[in-house]
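Asker: Below you'll find entry_21.cif; it's mmCIF, C-alpha atoms and all ligand atoms.
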data_run
loop_
_atom_site.group_PDB
_atom_site.id
_atom_site.type_symbol
_atom_site.label_atom_id
_atom_site.label_comp_id
_atom_site.auth_asym_id
_atom_site.auth_seq_id
_atom_site.Cartn_x
_atom_site.Cartn_y
_atom_site.Cartn_z
ATOM 1 C CA MET A 1 6.165 9.153 -2.195
ATOM 2 C CA HIS A 2 6.632 6.026 -4.324
ATOM 3 C CA GLY A 3 6.548 3.724 -1.292
ATOM 4 C CA LEU A 4 10.200 2.824 -1.912
ATOM 5 C CA ALA A 5 11.818 4.188 1.269
ATOM 6 C CA PRO A 6 12.432 1.713 4.121
ATOM 7 C CA LYS A 7 9.643 1.863 6.735
ATOM 8 C CA TRP A 8 11.940 3.217 9.492
ATOM 9 C CA VAL A 9 12.575 6.372 7.459
ATOM 10 C CA LEU A 10 8.887 7.204 7.772
ATOM 11 C CA LYS A 11 9.222 7.337 11.581
ATOM 12 C CA LEU A 12 12.137 9.774 11.715
ATOM 13 C CA PRO A 13 11.181 13.029 13.530
ATOM 14 C CA ARG A 14 12.738 14.995 10.677
ATOM 15 C CA PHE A 15 10.576 13.203 8.129
ATOM 16 C CA LEU A 16 7.449 13.639 10.262
ATOM 17 C CA ARG A 17 8.102 17.377 10.703
ATOM 18 C CA ALA A 18 8.669 17.823 6.964
ATOM 19 C CA LYS A 19 5.507 15.841 6.167
ATOM 20 C CA GLN A 20 3.436 17.948 8.554
ATOM 21 C CA ARG A 21 4.798 21.175 7.090
ATOM 22 C CA PHE A 22 4.131 19.881 3.572
ATOM 23 C CA LEU A 23 0.525 19.019 4.395
ATOM 24 C CA GLU A 24 0.003 22.351 6.197
ATOM 25 C CA ILE A 25 1.052 24.302 3.110
ATOM 26 C CA GLY A 26 -1.306 22.192 0.964
ATOM 27 C CA GLN A 27 -4.133 22.784 3.456
ATOM 28 C CA GLN A 28 -3.526 26.549 3.375
ATOM 29 C CA ILE A 29 -3.730 26.502 -0.428
ATOM 30 C CA LEU A 30 -7.014 24.570 -0.364
ATOM 31 C CA ASN A 31 -8.519 26.683 2.436
ATOM 32 C CA LYS A 32 -7.657 29.893 0.669
ATOM 33 C CA ARG A 33 -9.301 28.740 -2.553
ATOM 34 C CA ARG A 34 -12.392 27.446 -0.752
ATOM 35 C CA ALA A 35 -12.756 30.844 0.924
ATOM 36 C CA ASN A 36 -12.701 32.481 -2.486
ATOM 37 C CA ASN A 37 -16.486 32.767 -2.638
ATOM 38 C CA GLY A 38 -16.845 30.678 -5.778
ATOM 39 C CA GLU A 39 -14.395 32.663 -7.918
ATOM 40 C CA ILE A 40 -13.288 30.213 -10.649
ATOM 41 C CA ARG A 41 -9.682 30.297 -11.823
ATOM 42 C CA ASP A 42 -9.788 27.033 -13.780
ATOM 43 C CA ASP A 43 -6.353 25.910 -12.627
ATOM 44 C CA LEU A 44 -4.955 22.803 -10.922
ATOM 45 C CA ILE A 45 -6.461 23.822 -7.558
ATOM 46 C CA ASP A 46 -9.980 24.255 -8.980
ATOM 47 C CA ALA A 47 -9.635 21.011 -10.979
ATOM 48 C CA THR A 48 -8.545 19.181 -7.817
ATOM 49 C CA ILE A 49 -11.451 20.499 -5.737
ATOM 50 C CA SER A 50 -14.084 19.792 -8.407
ATOM 51 C CA TYR A 51 -12.694 16.398 -9.614
ATOM 52 C CA LYS A 52 -15.100 13.420 -9.627
ATOM 53 C CA ASP A 53 -14.189 9.925 -10.798
ATOM 54 C CA ALA A 54 -16.401 7.726 -13.023
ATOM 55 C CA ASN A 55 -18.487 6.794 -9.936
ATOM 56 C CA GLY A 56 -18.931 10.418 -8.897
ATOM 57 C CA ASN A 57 -16.455 10.208 -6.002
ATOM 58 C CA ALA A 58 -14.341 13.281 -5.207
ATOM 59 C CA PHE A 59 -10.711 13.098 -4.035
ATOM 60 C CA THR A 60 -10.236 12.543 -0.315
ATOM 61 C CA GLU A 61 -8.826 15.555 1.570
ATOM 62 C CA LEU A 62 -5.372 13.900 1.630
ATOM 63 C CA GLU A 63 -5.473 13.235 -2.124
ATOM 64 C CA MET A 64 -6.410 16.886 -2.659
ATOM 65 C CA LEU A 65 -3.489 18.055 -0.532
ATOM 66 C CA ILE A 66 -1.087 15.894 -2.513
ATOM 67 C CA SER A 67 -2.545 17.029 -5.822
ATOM 68 C CA VAL A 68 -2.211 20.760 -5.095
ATOM 69 C CA MET A 69 1.328 20.240 -3.804
ATOM 70 C CA SER A 70 2.430 18.132 -6.787
ATOM 71 C CA PRO A 71 3.884 21.051 -8.805
ATOM 72 C CA PHE A 72 6.216 21.754 -5.870
ATOM 73 C CA ILE A 73 7.439 18.157 -5.897
ATOM 74 C CA ALA A 74 7.547 17.713 -9.660
ATOM 75 C CA GLY A 75 8.560 21.174 -10.726
ATOM 76 C CA MET A 76 10.761 22.964 -8.205
ATOM 77 C CA ASP A 77 13.290 20.486 -6.885
ATOM 78 C CA THR A 78 13.857 19.133 -10.398
ATOM 79 C CA VAL A 79 14.460 22.553 -11.950
ATOM 80 C CA ALA A 80 16.671 23.630 -9.017
ATOM 81 C CA ALA A 81 18.848 20.511 -9.391
ATOM 82 C CA MET A 82 19.120 20.921 -13.177
ATOM 83 C CA SER A 83 20.068 24.606 -12.803
ATOM 84 C CA SER A 84 22.932 23.582 -10.501
ATOM 85 C CA PHE A 85 24.087 20.807 -12.835
ATOM 86 C CA LEU A 86 24.082 23.163 -15.821
ATOM 87 C CA LEU A 87 25.992 25.832 -13.941
ATOM 88 C CA TYR A 88 28.553 23.243 -12.821
ATOM 89 C CA ASP A 89 28.973 21.923 -16.376
ATOM 90 C CA LEU A 90 29.498 25.432 -17.745
ATOM 91 C CA LEU A 91 31.939 26.452 -15.020
ATOM 92 C CA THR A 92 34.026 23.338 -15.702
ATOM 93 C CA HIS A 93 34.003 23.931 -19.492
ATOM 94 C CA PRO A 94 35.302 27.503 -19.902
ATOM 95 C CA ASP A 95 35.110 27.508 -23.738
ATOM 96 C CA ILE A 96 31.426 26.635 -23.682
ATOM 97 C CA LEU A 97 30.823 29.063 -20.816
ATOM 98 C CA ARG A 98 32.349 31.872 -22.908
ATOM 99 C CA GLN A 99 30.051 31.078 -25.861
ATOM 100 C CA VAL A 100 27.023 31.014 -23.573
ATOM 101 C CA GLN A 101 28.072 34.316 -21.953
ATOM 102 C CA ASN A 102 28.347 35.925 -25.402
ATOM 103 C CA GLU A 103 24.865 34.733 -26.354
ATOM 104 C CA VAL A 104 23.406 35.866 -23.055
ATOM 105 C CA ASN A 105 25.059 39.297 -23.202
ATOM 106 C CA GLN A 106 23.885 39.777 -26.766
ATOM 107 C CA HIS A 107 20.335 38.445 -26.633
ATOM 108 C CA LEU A 108 18.934 38.135 -23.108
ATOM 109 C CA ASP A 109 16.800 40.988 -21.840
ATOM 110 C CA VAL A 110 16.044 39.939 -18.263
ATOM 111 C CA SER A 111 13.148 42.354 -17.780
ATOM 112 C CA ASN A 112 11.418 41.437 -21.043
ATOM 113 C CA PHE A 113 12.099 37.764 -21.796
ATOM 114 C CA THR A 114 10.559 36.252 -24.931
ATOM 115 C CA SER A 115 10.818 32.777 -26.436
ATOM 116 C CA GLU A 116 12.540 34.311 -29.512
ATOM 117 C CA MET A 117 15.448 35.312 -27.251
ATOM 118 C CA PHE A 118 15.824 31.703 -26.185
ATOM 119 C CA MET A 119 15.991 30.612 -29.836
ATOM 120 C CA LYS A 120 18.878 33.041 -30.307
ATOM 121 C CA MET A 121 20.918 31.277 -27.616
ATOM 122 C CA PRO A 122 21.555 27.853 -29.231
ATOM 123 C CA THR A 123 24.724 27.090 -27.256
ATOM 124 C CA LEU A 124 22.814 27.610 -24.005
ATOM 125 C CA HIS A 125 20.006 25.368 -25.266
ATOM 126 C CA MET A 126 22.328 22.568 -26.456
ATOM 127 C CA ALA A 127 24.394 22.816 -23.251
ATOM 128 C CA ALA A 128 21.161 22.327 -21.288
ATOM 129 C CA ILE A 129 20.245 19.266 -23.365
ATOM 130 C CA GLU A 130 23.730 17.820 -22.840
ATOM 131 C CA THR A 131 23.448 18.478 -19.095
ATOM 132 C CA MET A 132 20.074 16.681 -19.071
ATOM 133 C CA ARG A 133 21.645 13.757 -20.916
ATOM 134 C CA MET A 134 24.581 13.391 -18.539
ATOM 135 C CA HIS A 135 22.837 14.261 -15.276
ATOM 136 C CA THR A 136 19.422 12.664 -15.618
ATOM 137 C CA ILE A 137 17.742 13.294 -12.290
ATOM 138 C CA ALA A 138 14.739 11.004 -12.785
ATOM 139 C CA VAL A 139 17.028 8.025 -13.281
ATOM 140 C CA ALA A 140 14.239 5.443 -13.364
ATOM 141 C CA GLN A 141 10.476 5.291 -13.020
ATOM 142 C CA PRO A 142 8.814 2.569 -10.929
ATOM 143 C CA ARG A 143 6.006 0.658 -12.637
ATOM 144 C CA GLU A 144 3.865 -2.439 -12.118
ATOM 145 C CA ALA A 145 3.581 -4.903 -15.030
ATOM 146 C CA VAL A 146 -0.107 -5.076 -15.996
ATOM 147 C CA ASN A 147 0.609 -8.160 -18.132
ATOM 148 C CA ALA A 148 3.307 -10.847 -18.190
ATOM 149 C CA PHE A 149 5.994 -10.251 -20.823
ATOM 150 C CA SER A 150 9.569 -11.212 -21.603
ATOM 151 C CA PHE A 151 12.412 -8.746 -21.942
ATOM 152 C CA ASN A 152 15.908 -9.614 -23.097
ATOM 153 C CA GLY A 153 15.422 -13.252 -22.105
ATOM 154 C CA PHE A 154 13.884 -12.444 -18.697
ATOM 155 C CA ALA A 155 10.301 -13.492 -17.929
ATOM 156 C CA ILE A 156 8.456 -10.654 -16.158
ATOM 157 C CA PRO A 157 5.296 -11.932 -14.437
ATOM 158 C CA LYS A 158 2.067 -9.959 -14.251
ATOM 159 C CA GLY A 159 2.086 -7.661 -11.204
ATOM 160 C CA ALA A 160 5.912 -7.515 -10.965
ATOM 161 C CA GLN A 161 7.428 -4.234 -9.764
ATOM 162 C CA VAL A 162 9.820 -3.000 -12.435
ATOM 163 C CA MET A 163 12.002 0.069 -12.910
ATOM 164 C CA ILE A 164 12.157 1.691 -16.327
ATOM 165 C CA SER A 165 15.388 3.589 -16.841
ATOM 166 C CA GLY A 166 15.088 6.502 -19.220
ATOM 167 C CA SER A 167 18.738 7.364 -18.699
ATOM 168 C CA ALA A 168 20.354 4.034 -19.671
ATOM 169 C CA SER A 169 20.350 4.949 -23.364
ATOM 170 C CA HIS A 170 22.079 8.275 -22.593
ATOM 171 C CA PHE A 171 25.434 6.523 -22.358
ATOM 172 C CA LEU A 172 25.181 4.021 -25.219
ATOM 173 C CA GLU A 173 27.853 4.443 -27.877
ATOM 174 C CA ARG A 174 25.421 3.428 -30.564
ATOM 175 C CA PHE A 175 23.638 6.739 -29.922
ATOM 176 C CA TYR A 176 26.364 9.006 -28.586
ATOM 177 C CA SER A 177 29.984 9.196 -29.692
ATOM 178 C CA ASP A 178 32.258 9.389 -26.618
ATOM 179 C CA PRO A 179 29.184 9.366 -24.328
ATOM 180 C CA TYR A 180 31.013 10.330 -21.100
ATOM 181 C CA CYS A 181 32.363 13.528 -22.618
ATOM 182 C CA TYR A 182 30.351 16.754 -22.135
ATOM 183 C CA THR A 183 29.843 17.883 -25.744
ATOM 184 C CA PRO A 184 26.862 20.213 -26.352
ATOM 185 C CA ASP A 185 27.947 20.432 -30.000
ATOM 186 C CA ARG A 186 26.715 16.885 -30.597
ATOM 187 C CA HIS A 187 23.126 18.153 -30.400
ATOM 188 C CA HIS A 188 23.449 20.908 -33.025
ATOM 189 C CA ALA A 189 22.167 20.198 -36.534
ATOM 190 C CA PRO A 190 23.067 18.150 -38.474
ATOM 191 C CA ARG A 191 24.341 15.734 -35.753
ATOM 192 C CA GLN A 192 21.410 16.124 -33.362
ATOM 193 C CA GLU A 193 22.357 12.957 -31.490
ATOM 194 C CA PHE A 194 19.605 13.431 -28.895
ATOM 195 C CA ARG A 195 16.919 13.305 -31.588
ATOM 196 C CA GLN A 196 17.580 9.645 -32.490
ATOM 197 C CA LYS A 197 14.715 7.308 -31.636
ATOM 198 C CA HIS A 198 14.938 5.987 -28.028
ATOM 199 C CA ALA A 199 18.186 7.919 -27.429
ATOM 200 C CA TYR A 200 17.009 10.627 -25.029
ATOM 201 C CA ALA A 201 14.375 10.402 -22.302
ATOM 202 C CA PRO A 202 15.167 12.745 -19.376
ATOM 203 C CA TYR A 203 11.465 13.549 -18.979
ATOM 204 C CA GLY A 204 10.292 9.924 -18.851
ATOM 205 C CA ILE A 205 8.552 7.820 -21.460
ATOM 206 C CA GLY A 206 4.977 7.050 -22.456
ATOM 207 C CA ALA A 207 1.686 8.067 -20.905
ATOM 208 C CA HIS A 208 3.245 9.799 -17.889
ATOM 209 C CA LEU A 209 5.806 11.844 -19.764
ATOM 210 C CA CYS A 210 6.608 14.986 -17.773
ATOM 211 C CA LEU A 211 3.794 17.506 -18.081
ATOM 212 C CA GLY A 212 6.215 20.341 -17.369
ATOM 213 C CA ALA A 213 8.886 19.370 -19.936
ATOM 214 C CA GLY A 214 8.172 22.392 -22.146
ATOM 215 C CA ILE A 215 8.492 24.821 -19.226
ATOM 216 C CA ALA A 216 11.473 23.069 -17.650
ATOM 217 C CA GLU A 217 13.453 23.053 -20.874
ATOM 218 C CA VAL A 218 13.392 26.857 -20.877
ATOM 219 C CA GLN A 219 13.200 27.477 -17.131
ATOM 220 C CA PHE A 220 16.450 25.956 -15.914
ATOM 221 C CA PRO A 221 18.677 27.333 -18.725
ATOM 222 C CA LEU A 222 17.027 30.703 -18.150
ATOM 223 C CA ASN A 223 17.840 30.576 -14.410
ATOM 224 C CA VAL A 224 21.494 30.099 -15.297
ATOM 225 C CA ALA A 225 21.393 32.681 -18.094
ATOM 226 C CA MET A 226 19.961 35.322 -15.732
ATOM 227 C CA LEU A 227 22.706 34.635 -13.222
ATOM 228 C CA LEU A 228 25.392 34.925 -15.927
ATOM 229 C CA LYS A 229 23.833 38.133 -17.237
ATOM 230 C CA ARG A 230 24.173 39.836 -13.832
ATOM 231 C CA PHE A 231 27.301 38.260 -12.368
ATOM 232 C CA ASP A 232 30.705 36.749 -13.017
ATOM 233 C CA VAL A 233 30.803 33.491 -11.102
ATOM 234 C CA MET A 234 33.334 30.802 -10.268
ATOM 235 C CA LEU A 235 33.329 27.491 -8.406
ATOM 236 C CA ASP A 236 34.047 27.804 -4.692
ATOM 237 C CA PRO A 237 36.554 26.287 -4.125
ATOM 238 C CA PRO A 238 37.809 26.340 -7.746
ATOM 239 C CA SER A 239 38.973 22.723 -7.341
ATOM 240 C CA TYR A 240 35.423 21.494 -6.515
ATOM 241 C CA ARG A 241 34.486 18.376 -8.482
ATOM 242 C CA LEU A 242 30.957 17.054 -8.698
ATOM 243 C CA LYS A 243 29.635 14.958 -5.833
ATOM 244 C CA LEU A 244 26.071 13.721 -5.812
ATOM 245 C CA ALA A 245 23.445 13.623 -3.074
ATOM 246 C CA ASN A 246 20.025 12.016 -3.464
ATOM 247 C CA ASN A 247 17.358 14.136 -1.838
ATOM 248 C CA PRO A 248 14.974 12.953 -3.244
ATOM 249 C CA THR A 249 16.529 13.024 -6.730
ATOM 250 C CA PRO A 250 20.251 13.375 -7.513
ATOM 251 C CA HIS A 251 21.645 16.885 -7.218
ATOM 252 C CA PRO A 252 25.124 18.375 -6.762
ATOM 253 C CA SER A 253 26.245 18.085 -3.152
ATOM 254 C CA LYS A 254 28.188 20.872 -1.401
ATOM 255 C CA PHE A 255 28.120 22.802 -4.670
ATOM 256 C CA LYS A 256 28.934 26.474 -4.109
ATOM 257 C CA ILE A 257 29.731 29.383 -6.351
ATOM 258 C CA LYS A 258 31.436 32.697 -5.646
ATOM 259 C CA LEU A 259 30.306 35.955 -7.281
ATOM 260 C CA THR A 260 33.425 37.682 -8.566
ATOM 261 C CA GLY A 261 31.900 40.545 -10.510
ATOM 262 C CA ILE A 262 28.635 42.349 -11.063
ATOM 263 C CA HIS A 263 27.475 43.673 -14.432
ATOM 264 C CA PRO A 264 25.771 47.051 -14.718
HETATM 265 C C1 LIG B 301 14.200 19.590 -15.548
HETATM 266 C C2 LIG B 301 13.134 19.435 -14.795
HETATM 267 C C3 LIG B 301 12.221 18.219 -14.818
HETATM 268 C C4 LIG B 301 12.519 16.901 -15.001
HETATM 269 C C5 LIG B 301 13.890 16.284 -15.251
HETATM 270 C C6 LIG B 301 11.272 16.166 -14.913
HETATM 271 C C7 LIG B 301 11.160 14.800 -15.071
HETATM 272 C C8 LIG B 301 9.973 14.106 -15.036
HETATM 273 C C9 LIG B 301 9.827 12.692 -15.282
HETATM 274 C C10 LIG B 301 10.950 11.724 -15.623
HETATM 275 C C11 LIG B 301 8.509 12.387 -15.149
HETATM 276 C C12 LIG B 301 7.863 11.009 -15.361
HETATM 277 C C13 LIG B 301 7.607 10.298 -14.042
HETATM 278 C C14 LIG B 301 7.009 8.931 -14.262
HETATM 279 O O1 LIG B 301 6.873 8.474 -15.400
HETATM 280 O O2 LIG B 301 6.687 8.285 -13.263
HETATM 281 C C15 LIG B 301 7.805 13.597 -14.807
HETATM 282 C C16 LIG B 301 6.454 13.693 -14.575
HETATM 283 C C17 LIG B 301 5.805 14.871 -14.270
HETATM 284 N N1 LIG B 301 6.330 16.125 -14.236
HETATM 285 FE FE1 LIG B 301 8.266 16.595 -14.543
HETATM 286 N N2 LIG B 301 10.250 17.047 -14.670
HETATM 287 C C18 LIG B 301 10.789 18.315 -14.620
HETATM 288 C C19 LIG B 301 10.097 19.504 -14.416
HETATM 289 C C20 LIG B 301 8.737 19.619 -14.242
HETATM 290 C C21 LIG B 301 8.010 20.850 -14.090
HETATM 291 C C22 LIG B 301 8.656 22.254 -14.143
HETATM 292 C C23 LIG B 301 6.705 20.532 -13.880
HETATM 293 C C24 LIG B 301 5.498 21.414 -13.640
HETATM 294 C C25 LIG B 301 5.502 22.718 -13.744
HETATM 295 C C26 LIG B 301 6.604 19.088 -13.931
HETATM 296 C C27 LIG B 301 5.442 18.377 -13.793
HETATM 297 C C28 LIG B 301 5.329 17.015 -13.909
HETATM 298 C C29 LIG B 301 4.091 16.290 -13.705
HETATM 299 C C30 LIG B 301 2.750 16.902 -13.303
HETATM 300 C C31 LIG B 301 4.379 14.931 -13.934
HETATM 301 C C32 LIG B 301 3.418 13.748 -13.832
HETATM 302 C C33 LIG B 301 2.881 13.394 -15.205
HETATM 303 C C34 LIG B 301 1.970 12.194 -15.132
HETATM 304 O O3 LIG B 301 2.066 11.387 -14.188
HETATM 305 O O4 LIG B 301 1.156 12.034 -16.065
HETATM 306 N N3 LIG B 301 7.860 18.567 -14.159
HETATM 307 N N4 LIG B 301 8.722 14.646 -14.766
#
For this file, produce the structure as structure tokens.
Ligand code: HEM
Answerer:
Amino acid sequence: MHGLAPKWVLKLPRFLRAKQRFLEIGQQILNKRRANNGEIRDDLIDATISYKDANGNAFTELEMLISVMSPFIAGMDTVAAMSSFLLYDLLTHPDILRQVQNEVNQHLDVSNFTSEMFMKMPTLHMAAIETMRMHTIAVAQPREAVNAFSFNGFAIPKGAQVMISGSASHFLERFYSDPYCYTPDRHHAPRQEFRQKHAYAPYGIGAHLCLGAGIAEVQFPLNVAMLLKRFDVMLDPPSYRLKLANNPTPHPSKFKIKLTGIHP
């Protein structure tokens, strides 16, 4: 997607099949909307179809397909990976898990969720922030330098391809005490370590900051909370320790859980 994969990857039958399937789904979405007899829903699909640039040019069909599929790329894989990371962190920190379970049992009504309920589950929220800090899935964003500049003694020429790492600051001791230790408490008031300037950037930085950050911040903790509300879970096997796979962003590899109880 970013043009970073080696060229041979783009010829693999598996890649080509996945690409075709991806484009087919996008085409179905566009076709369905176009067959809607002009009904306007004013969403991403309508905006994509009606978009014109400053010269009056519409998107090409391929650009439209990519645009309507972008929430799947940006919003589903990311949230799925973060849900797994959070669950792993909780299952390997039983004291925090217990606090989260208490909050969930007390405040979460699965069939009638409101944002007030989320506010009543601060341990869940801070655990999610700590998981985002330690397992930043968008580790770096590729950019092209529009102007020459110098950084830390290095001269960056105009047009250079650079990577901006939002996660580098997540492990600096000047922001986080004992940065490799999973400590949701560090984010509660008054410490609020993640709120320091330049300390926390799991959703990127600048003009292209994640558009779904507000949803994601509730969505992935809620996924885990709903699971904990219905089930008792444990790692399977209990000795599992985190391994990472990159596909396309980092996520837990071979991560499995076992349901050991069901709540009425
Ligand atoms: C925990 C989950 C998520 C993480 C960690 C995440 C992370 C990011 C990051 C780092 C960027 C910046 C990319 C760049 O600067 O090149 C980004 C952009 C974006 N994200 Fe997310 N994201 C998440 C969930 C979502 C969700 C749920 C949606 C939509 C419902 C979404 C929609 C977008 C969009 C549309 C952009 C592009 C913004 C732009 O280019 O102006 N993301 N995301």
Asker: Record the distance separating atom CA of Ile215 of chain A and atom CA of Leu87 of chain A, expressed in Å with one decimal.
Answerer: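 It comes out at 18.3 Å.
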Asker: Calculate how many Å separate atom C34 of ligand LIG 301 (chain B) from atom CA of Tyr176 of chain A, rounding to one decimal.
Answerer: 28.0 Å
Asker: Please, which residues have at least one atom within 7 Å of an atom of ligand LIG 301 (chain B), using all atoms listed in the file, listed as a list in words?
Answerer: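 Those within range of ligand LIG 301 (chain B) are Ser70, Pro71, Ala74, Gly75, Met76, Thr78, Val79, Met82, Thr136, Ile137, Ala138, Gln141, Pro142, Pro202, Tyr203, Gly204, Ile205, Ala207, His208, Leu209, Cys210, Leu211, Gly212, Ala213, Ile215, Ala216, Glu217 and Phe220 of chain A.
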Asker: From the options A:Val162, A:Ile257, A:Met117, A:Ile45, which residue's atoms come nearest to Pro238 of chain A, counting all atoms listed in the file?
Answerer: A:Ile257
Asker: For Arg34 of chain A, which of A:Thr131, A:Ser111, A:Ser50, A:Gln99 is the closest residue, counting only C-alpha atoms?
Answerer: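 Nearest candidate to Arg34 of chain A out of A:Thr131, A:Ser111, A:Ser50, A:Gln99: A:Ser50.
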Asker: Using all atoms listed in the file, find all polymer residues with an atom at most 12 Å away from the point (22.4, 19.4, -33.2); report them as a PyMOL selection string.
Answerer: chain A and resi 122-123+125-127+129-130+183-196
Asker: Can I get the selection written as a short mmCIF file (atom, residue, chain, number, x, y, z; two decimals), in the coordinates of the input, with C-alpha atoms?
Answerer:
data_model
loop_
_atom_site.label_atom_id
_atom_site.label_comp_id
_atom_site.auth_asym_id
_atom_site.auth_seq_id
_atom_site.Cartn_x
_atom_site.Cartn_y
_atom_site.Cartn_z
CA PRO A 122 21.56 27.85 -29.23
CA THR A 123 24.72 27.09 -27.26
CA HIS A 125 20.01 25.37 -25.27
CA MET A 126 22.33 22.57 -26.46
CA ALA A 127 24.39 22.82 -23.25
CA ILE A 129 20.24 19.27 -23.36
CA GLU A 130 23.73 17.82 -22.84
CA THR A 183 29.84 17.88 -25.74
CA PRO A 184 26.86 20.21 -26.35
CA ASP A 185 27.95 20.43 -30.00
CA ARG A 186 26.72 16.89 -30.60
CA HIS A 187 23.13 18.15 -30.40
CA HIS A 188 23.45 20.91 -33.02
CA ALA A 189 22.17 20.20 -36.53
CA PRO A 190 23.07 18.15 -38.47
CA ARG A 191 24.34 15.73 -35.75
CA GLN A 192 21.41 16.12 -33.36
CA GLU A 193 22.36 12.96 -31.49
CA PHE A 194 19.60 13.43 -28.90
CA ARG A 195 16.92 13.30 -31.59
CA GLN A 196 17.58 9.64 -32.49
#
Asker: The centre and edge lengths of an axis-aligned box containing all atoms of segment 65-72 of chain A present in the file, extended by 5 Å on each side, are to be given in Å to one decimal, as AutoDock Vina command-line options.
Answerer:
--center_x 1.4 --center_y 18.8 --center_z -4.7 --size_x 19.7 --size_y 15.9 --size_z 18.3
Asker: Residues picked by the PyMOL selection byres (((chain A and resi 244) around 12) and not hetatm) here, as a list in words?
Answerer: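 Taken over the shown coordinates, the PyMOL selection byres (((chain A and resi 244) around 12) and not hetatm) returns Ala81, Ser84, Phe85, His135, Thr136, Ile137, Arg241, Leu242, Lys243, Ala245, Asn246, Asn247, Pro248, Thr249, Pro250, His251, Pro252, Ser253, Lys254 and Phe255 of chain A.
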Asker: Of the residues A:Phe175, A:Tyr51, A:Phe59, A:Tyr182, which is the one nearest to Leu86 of chain A, using all atoms listed in the file?
Answerer: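 Looking at the shortest contact to Leu86 of chain A, the residue is A:Tyr182.
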Asker: Quick one: distance from atom CA of Ser169 of chain A to atom CA of Val139 of chain A in Å, one decimal?
Answerer: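 The value is 11.1 Å.
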Asker: So that I can see what lies close to Glu103 of chain A, please list as a PyMOL selection string the residues with an atom at most 10 Å from it, counting only C-alpha atoms and leaving out residues fewer than 3 positions away in the same chain.
Answerer: chain A and resi 97-100+106-108+117-118+120-124+225+229
Asker: Could the residues in this selection be written to a file with C-alpha atoms, as a JSON list (two decimals), in the coordinates of the input?
Answerer:
[["chain", "number", "residue", "atom", "x", "y", "z"],
["A", 97, "LEU", "CA", 30.82, 29.06, -20.82],
["A", 98, "ARG", "CA", 32.35, 31.87, -22.91],
["A", 99, "GLN", "CA", 30.05, 31.08, -25.86],
["A", 100, "VAL", "CA", 27.02, 31.01, -23.57],
["A", 106, "GLN", "CA", 23.88, 39.78, -26.77],
["A", 107, "HIS", "CA", 20.34, 38.44, -26.63],
["A", 108, "LEU", "CA", 18.93, 38.14, -23.11],
["A", 117, "MET", "CA", 15.45, 35.31, -27.25],
["A", 118, "PHE", "CA", 15.82, 31.70, -26.18],
["A", 120, "LYS", "CA", 18.88, 33.04, -30.31],
["A", 121, "MET", "CA", 20.92, 31.28, -27.62],
["A", 122, "PRO", "CA", 21.56, 27.85, -29.23],
["A", 123, "THR", "CA", 24.72, 27.09, -27.26],
["A", 124, "LEU", "CA", 22.81, 27.61, -24.00],
["A", 225, "ALA", "CA", 21.39, 32.68, -18.09],
["A", 229, "LYS", "CA", 23.83, 38.13, -17.24]]
Asker: Tell me which of A:Glu61, A:Asp77, A:Asp232, A:Asp89 sits closest to Gly26 of chain A, counting all atoms listed in the file.
Answerer: A:Glu61
Asker: Considering only C-alpha atoms, state which residue in the set A:Leu16, A:Leu23, A:Ala160, A:Val233 is at the smallest distance from Leu91 of chain A.
Answerer: A:Val233
Asker: Pull N, CA and C atoms for segment 198-207 of chain A from the block and write them as a PDB file, in the first residue's frame.
Answerer:
ATOM      1  N   HIS A 198       4.536  15.624  23.373  1.00  0.00           N
ATOM      2  CA  HIS A 198       5.373  14.761  22.529  1.00  0.00           C
ATOM      3  C   HIS A 198       5.614  13.365  23.126  1.00  0.00           C
ATOM      4  N   ALA A 199       4.894  13.014  24.200  1.00  0.00           N
ATOM      5  CA  ALA A 199       5.180  11.736  24.864  1.00  0.00           C
ATOM      6  C   ALA A 199       4.430  10.567  24.237  1.00  0.00           C
ATOM      7  N   TYR A 200       3.289  10.821  23.611  1.00  0.00           N
ATOM      8  CA  TYR A 200       2.374   9.733  23.256  1.00  0.00           C
ATOM      9  C   TYR A 200       1.764  10.001  21.881  1.00  0.00           C
ATOM     10  N   ALA A 201       2.048   9.127  20.920  1.00  0.00           N
ATOM     11  CA  ALA A 201       1.521   9.375  19.572  1.00  0.00           C
ATOM     12  C   ALA A 201       1.135   8.081  18.855  1.00  0.00           C
ATOM     13  N   PRO A 202       0.301   7.226  19.473  1.00  0.00           N
ATOM     14  CA  PRO A 202      -0.030   5.957  18.806  1.00  0.00           C
ATOM     15  C   PRO A 202      -0.904   6.150  17.569  1.00  0.00           C
ATOM     16  N   TYR A 203      -1.541   7.305  17.458  1.00  0.00           N
ATOM     17  CA  TYR A 203      -2.418   7.566  16.310  1.00  0.00           C
ATOM     18  C   TYR A 203      -1.759   8.481  15.281  1.00  0.00           C
ATOM     19  N   GLY A 204      -0.432   8.590  15.317  1.00  0.00           N
ATOM     20  CA  GLY A 204       0.268   9.433  14.352  1.00  0.00           C
ATOM     21  C   GLY A 204       0.396  10.861  14.859  1.00  0.00           C
ATOM     22  N   ILE A 205       0.894  11.713  13.966  1.00  0.00           N
ATOM     23  CA  ILE A 205       1.192  13.095  14.343  1.00  0.00           C
ATOM     24  C   ILE A 205       0.816  13.988  13.165  1.00  0.00           C
ATOM     25  N   GLY A 206       0.325  15.175  13.456  1.00  0.00           N
ATOM     26  CA  GLY A 206       0.181  16.195  12.411  1.00  0.00           C
ATOM     27  C   GLY A 206      -1.067  16.048  11.570  1.00  0.00           C
ATOM     28  N   ALA A 207      -0.962  16.504  10.323  1.00  0.00           N
ATOM     29  CA  ALA A 207      -2.141  16.647   9.466  1.00  0.00           C
ATOM     30  C   ALA A 207      -2.875  15.331   9.235  1.00  0.00           C
TER      31      ALA A 207
END
